[in-house]
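Participant: Quick one: this structure, given as structure tokens, is what I'll be asking you about.
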Amino acid sequence: MAFYIKSTSHTTTSGDSSTPQYIDANNQWTDNISDKKTFDTESAANAFLENGYKNVSSVSVVEE
């Protein structure tokens, strides 16, 4: 299984804060789930969060 990072606290470029956001391949937030970055393991996704996103609220690692 693959894992990805999801946030419900970011606002989209259109100003919508109710749309989930995902980390993409460029390590930016996107609301397009098909652009999300995937990780091979949950621990790899958590390590990524620890290296720059640990202080972001409402962020979680989700299994596909």
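Going through the structure tokens in order, the chains are called A, B, and so on, while each chain numbers its residues from 1 and the ligands are numbered from 1 in the order shown.
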Can you tell me, as JSON, numbers by chain, what residues are no more than 7 Å from A:Pro20 when counting only C-alpha atoms, ignoring any on the same chain fewer than 3 positions away?

Facilitator: {"A": [6, 7, 8, 31]}

Participant: Could you name the residues that touch A:Thr38 at 7 Å or less, counting only C-alpha atoms, but leaving out those on the same chain fewer than 2 positions away, as a PyMOL selection string?

Facilitator: chain A and resi 2-4+36+40

Participant: Keeping C-alpha atoms for every residue in the selection just given, could you write it to a file as a compact mmCIF listing (two decimals), in the first residue's frame?

Facilitator:
```
# COMPACT_ATOMS: atom_id res chain seq x y z
CA ALA A 2 1.01 3.60 -0.57
CA PHE A 3 0.54 6.56 1.75
CA TYR A 4 -0.03 10.25 1.16
CA LYS A 36 -0.61 13.91 -4.70
CA ASP A 40 6.00 3.59 -0.01
```

Participant: For atom CA of A:Trp29 and atom CA of A:Val62, quote the distance in Å rounded to one decimal.

Facilitator: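 Going from atom CA of A:Trp29 over to atom CA of A:Val62, I get 15.2 Å.
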
Participant: Rank nothing, just name the residue among A:Gln21, A:Met1, A:Phe39, A:Gln28 nearest to A:Gly52, using only C-alpha atoms.

Facilitator: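 The shortest atom-to-atom distance to A:Gly52 comes from A:Gln28.
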
Participant: Between atom CA of A:Ser43 and atom CA of A:Ser58, what is the distance in Å, rounded to a tenth?

Facilitator: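 Atom CA of A:Ser58 lies at a distance of 18.1 Å from atom CA of A:Ser43.
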
Participant: Taking only C-alpha atoms into account, name the residue in A:Ala47, A:Ile5, A:Ile23, A:Thr30 that is nearest to A:Val61.

Facilitator: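 Residue with the minimum atom-to-atom distance to A:Val61: A:Ile5.
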
Participant: Using only C-alpha atoms for the distances, tell me which of A:Ala44, A:Glu64, A:Val59, A:Glu50 is nearest to A:Tyr22.

Facilitator: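 Nearest candidate to A:Tyr22 out of A:Ala44, A:Glu64, A:Val59, A:Glu50: A:Val59.
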